[in-house]
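Enquirer: The structure is given below, and queries will be raised subsequently.
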Amino acid sequence: MIFSSRNTKSKPALSLNPVREDIPVLVRRSKQAKRLIIRLDDKTGGIKVTIPPKVNLKAAQKFLDDHRDWVISEHEKRPAFRPIADGDTIYYLGKKHQLKFTKQPPRTVNVTNGIIAIGGPAETAPARLLKFLKDQALEALIARSEKHAKTLGLSYNRLSIGDMRSRWGSCSARGTLKYNWRLIMAPTDILDYVAAHEVSHLREMNHSPEFWQTVAACVPDYTLKRKWLTQYGTALMQTPINPHT
């Protein structure tokens with residue numbers, strides 16, 4: 001049976017005090033992490049703190065405070081971060097679109113003739129834009145994943161959307177598919193290829209010749225799609241859509 005869902009279980013929000021008010025901190029707990037990690041976050045202009053399962057927030061805060069000078073130093077070295085704004089352009093389904101913050105109700109997002117119009121207050125428009133893009137990505141990737149799963153006679157257990165730092169998708173041994181929402185910025189055939197790639201891992205959890213044969217059964221010209229991602233994927237990953245403006 002094929003079904004999909006969002007992660008509907010609410011978890012307590014994790015938060016740490018920033019080392020400086022203009023440097024936002026994103027906190028996440030990871031079962032795979034072996035130690036506390038601080039990384040620069042080019043998408044928000046802030047930092048990401050990863051916490052292992054058995055480390056409490058008090059210890060994480062001390063770790064962050066101990067590295068305050070390093071965080072500020074690295075932050076100062078980076079170009080000034082500018083969140084996405086009215087009049088900017090982004091890619092949507094592989095084509096450039098101009099953003100228009102209408103500053104008027106209703107609080108909806110509409111795409112027409114190369115314009116993405118975001119209704120409601122301008123200060124919360126980036127958050128509505130982000131939700132819209134994630135919703136569109138989820139809908140498209142469910143459709144493509146189900147299509148390829150049917151082609152290959154496979155099934156998955158769950159599908160979700162994430163904001164991975166450098167990966168377009170993943171497939172777990174338990175049959176969980178996870179995709180980067182930024183795929184909605186790419187052309188549809190690229191999104192389709194990534195879905196075929198991850199669904200193929202349901203059969204082959206490797207990148208063996210057999211795996212690529214499975215991918216080819218869904219997307220015969222997959223090598224062209226891989227080249228496209230190599231050439232243009234980094235730019236999509238770095239598009240600054242910050243919901244906290």
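Here's how to read the names in the structure tokens: chain A, B, ... by the order shown, residue numbers from 1 in each chain, ligand numbers from 1 in the order shown.
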So that I can check the secondary structure, give me every residue of range 4-213 of chain A assigned alpha helix (DSSP H) by backbone DSSP, as a PyMOL selection string.
Expert: chain A and resi 57-66+68-77+125-152+188-200+209-213
Enquirer: Do you know which residues are at most 7 Å from Lys178 in chain A counting only C-alpha atoms, after dropping those on the same chain fewer than 5 positions away, and could you put them as an MDAnalysis selection string?
Expert: chainID A and resid 159:162 169:171
Enquirer: Which residues of range 128-193 of chain A come within 8 Å of range 220-227 of chain A, and for each one, what is the closest pair of atoms and their distance in Å to one decimal, counting only C-alpha atoms, sorted by chain and residue number, as CSV?
Expert:
```
residue,atom,partner,partner_atom,distance
A:Asp189,CA,A:Lys225,CA,7.7
A:Ile190,CA,A:Lys225,CA,5.8
A:Tyr193,CA,A:Tyr222,CA,6.5
```
Enquirer: Taking a cut-off of 9 Å and counting only C-alpha atoms, can you build a table that, for each residue of range 169-229 of chain A near range 123-146 of chain A, reports the nearest atom pair and how far apart they are in Å (one decimal), sorted by chain then residue number, as a Markdown table?
Expert:
```
| residue | atom | partner | partner_atom | distance |
| --- | --- | --- | --- | --- |
| A:Leu177 | CA | A:Ser145 | CA | 8.8 |
| A:Tyr179 | CA | A:Leu141 | CA | 7.9 |
| A:Asn180 | CA | A:Ala137 | CA | 8.4 |
| A:Trp181 | CA | A:Lys134 | CA | 5.4 |
| A:Arg182 | CA | A:Ala137 | CA | 7.5 |
| A:Leu183 | CA | A:Ala137 | CA | 6.7 |
| A:Ile184 | CA | A:Ala137 | CA | 5.1 |
| A:Met185 | CA | A:Leu133 | CA | 8.3 |
| A:Thr188 | CA | A:Ala140 | CA | 8.8 |
| A:Leu191 | CA | A:Leu141 | CA | 7.4 |
| A:Asp192 | CA | A:Arg144 | CA | 6.0 |
| A:Tyr193 | CA | A:Arg144 | CA | 8.9 |
| A:Ala195 | CA | A:Ser145 | CA | 5.4 |
| A:Ala196 | CA | A:Ser145 | CA | 6.7 |
| A:Glu198 | CA | A:Ser145 | CA | 8.3 |
| A:Val199 | CA | A:Ser145 | CA | 6.4 |
```
Enquirer: Could the residues in this selection be saved with C-alpha atoms as a PDB file, in the first residue's frame?
Expert:
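Saved as again-v9.pdb:
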```pdb
ATOM      1  CA  LEU A 177      11.290   9.023   1.126  1.00  0.00           C
ATOM      2  CA  TYR A 179      12.890  15.319  -0.659  1.00  0.00           C
ATOM      3  CA  ASN A 180      14.320  18.813  -0.678  1.00  0.00           C
ATOM      4  CA  TRP A 181      11.467  21.288  -1.201  1.00  0.00           C
ATOM      5  CA  ARG A 182      13.739  23.368  -3.464  1.00  0.00           C
ATOM      6  CA  LEU A 183      13.108  20.838  -6.225  1.00  0.00           C
ATOM      7  CA  ILE A 184       9.982  22.869  -7.006  1.00  0.00           C
ATOM      8  CA  MET A 185      12.337  25.540  -8.356  1.00  0.00           C
ATOM      9  CA  THR A 188       9.581  19.408 -13.836  1.00  0.00           C
ATOM     10  CA  LEU A 191      12.058  16.909 -10.119  1.00  0.00           C
ATOM     11  CA  ASP A 192      10.779  13.787 -11.858  1.00  0.00           C
ATOM     12  CA  TYR A 193      14.299  12.359 -12.114  1.00  0.00           C
ATOM     13  CA  ALA A 195      11.770  11.124  -7.534  1.00  0.00           C
ATOM     14  CA  ALA A 196      12.745   8.208  -9.792  1.00  0.00           C
ATOM     15  CA  GLU A 198      14.891   7.872  -4.634  1.00  0.00           C
ATOM     16  CA  VAL A 199      12.108   5.429  -5.482  1.00  0.00           C
TER      17      VAL A 199
END
```
Enquirer: So, with only C-alpha atoms as the atoms that count, which of A:His197, A:Pro105, A:Gly114, A:Ile38 lies closest to Trp70 in chain A?
Expert: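 That would be A:Ile38, the residue with the smallest distance to Trp70 in chain A.
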Enquirer: Using only C-alpha atoms, which of the listed residues (A:Asp42, A:Phe63, A:Thr239, A:Lys48) sits closest to Asp88 in chain A?
Expert: A:Thr239
Enquirer: May I ask which of the residues A:Ala149, A:Val55, A:Ala173, A:Met237 is the closest one to Cys218 in chain A, counting only C-alpha atoms?
Expert: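 Between A:Ala149, A:Val55, A:Ala173, A:Met237, the residue approaching Cys218 in chain A most closely is A:Ala149.
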Enquirer: In Å, how far is it from CA of Lys62 in chain A to CA of Ile37 in chain A?
Expert: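 Pair CA of Lys62 in chain A / CA of Ile37 in chain A returns 12.5 Å.
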Enquirer: Which of range 3-229 of chain A counts as strand (DSSP E) under DSSP, as a compact mmCIF listing (two decimals) with C-alpha atoms, in the first residue's frame please?
Expert:
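Contents of out.txt, as written:
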```
# COMPACT_ATOMS: atom_id res chain seq x y z
CA VAL A 25 20.18 30.32 15.57
CA LEU A 26 18.45 27.24 14.19
CA VAL A 27 18.57 24.28 16.57
CA ARG A 28 17.92 20.64 15.70
CA ARG A 29 18.41 17.37 17.50
CA ILE A 37 28.13 20.87 15.81
CA ILE A 38 27.89 24.54 14.77
CA ARG A 39 27.59 25.32 11.07
CA LEU A 40 27.12 28.55 9.16
CA ASP A 41 23.73 28.79 7.46
CA GLY A 46 22.75 32.71 10.84
CA ILE A 47 24.02 29.43 12.24
CA LYS A 48 22.75 25.90 12.74
CA VAL A 49 23.43 23.99 15.96
CA THR A 50 23.07 20.20 15.84
CA ILE A 51 22.58 18.43 19.18
CA THR A 89 13.16 36.91 -8.87
CA ILE A 90 13.21 33.21 -8.08
CA TYR A 91 12.91 30.08 -10.16
CA TYR A 92 9.64 28.16 -10.04
CA LYS A 95 11.36 29.44 -15.01
CA LYS A 96 12.17 32.83 -13.54
CA HIS A 97 9.33 34.52 -11.69
CA GLN A 98 9.21 37.97 -10.13
CA LEU A 99 7.91 38.31 -6.59
CA LYS A 100 5.19 40.82 -5.82
CA PHE A 101 4.26 41.50 -2.20
CA VAL A 109 -0.11 33.10 -3.21
CA ASN A 110 -0.93 33.17 -6.92
CA VAL A 111 1.27 32.45 -9.92
CA THR A 112 0.35 34.19 -13.19
CA ILE A 115 4.61 36.80 -11.41
CA ILE A 116 4.28 35.21 -7.96
CA ALA A 117 1.90 37.49 -6.06
CA ILE A 118 1.89 37.08 -2.28
CA ARG A 158 6.04 7.66 4.06
CA LEU A 159 7.00 10.75 2.11
CA SER A 160 8.02 14.12 3.50
CA ILE A 161 9.59 17.42 2.48
CA GLY A 162 12.72 18.84 4.11
CA GLY A 169 16.49 13.47 -1.60
CA SER A 170 16.93 10.34 0.48
CA CYS A 171 15.42 6.91 0.95
CA THR A 176 10.74 6.54 3.93
CA LEU A 177 11.29 9.02 1.13
CA LYS A 178 12.41 12.57 1.89
CA TYR A 179 12.89 15.32 -0.66
CA ASN A 180 14.32 18.81 -0.68
```
Enquirer: As an exercise, work out the distance from CA of Pro83 in chain A to CA of Arg167 in chain A in Å and give it to one decimal place.
Expert: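 Between these atoms lies a distance of 22.1 Å.
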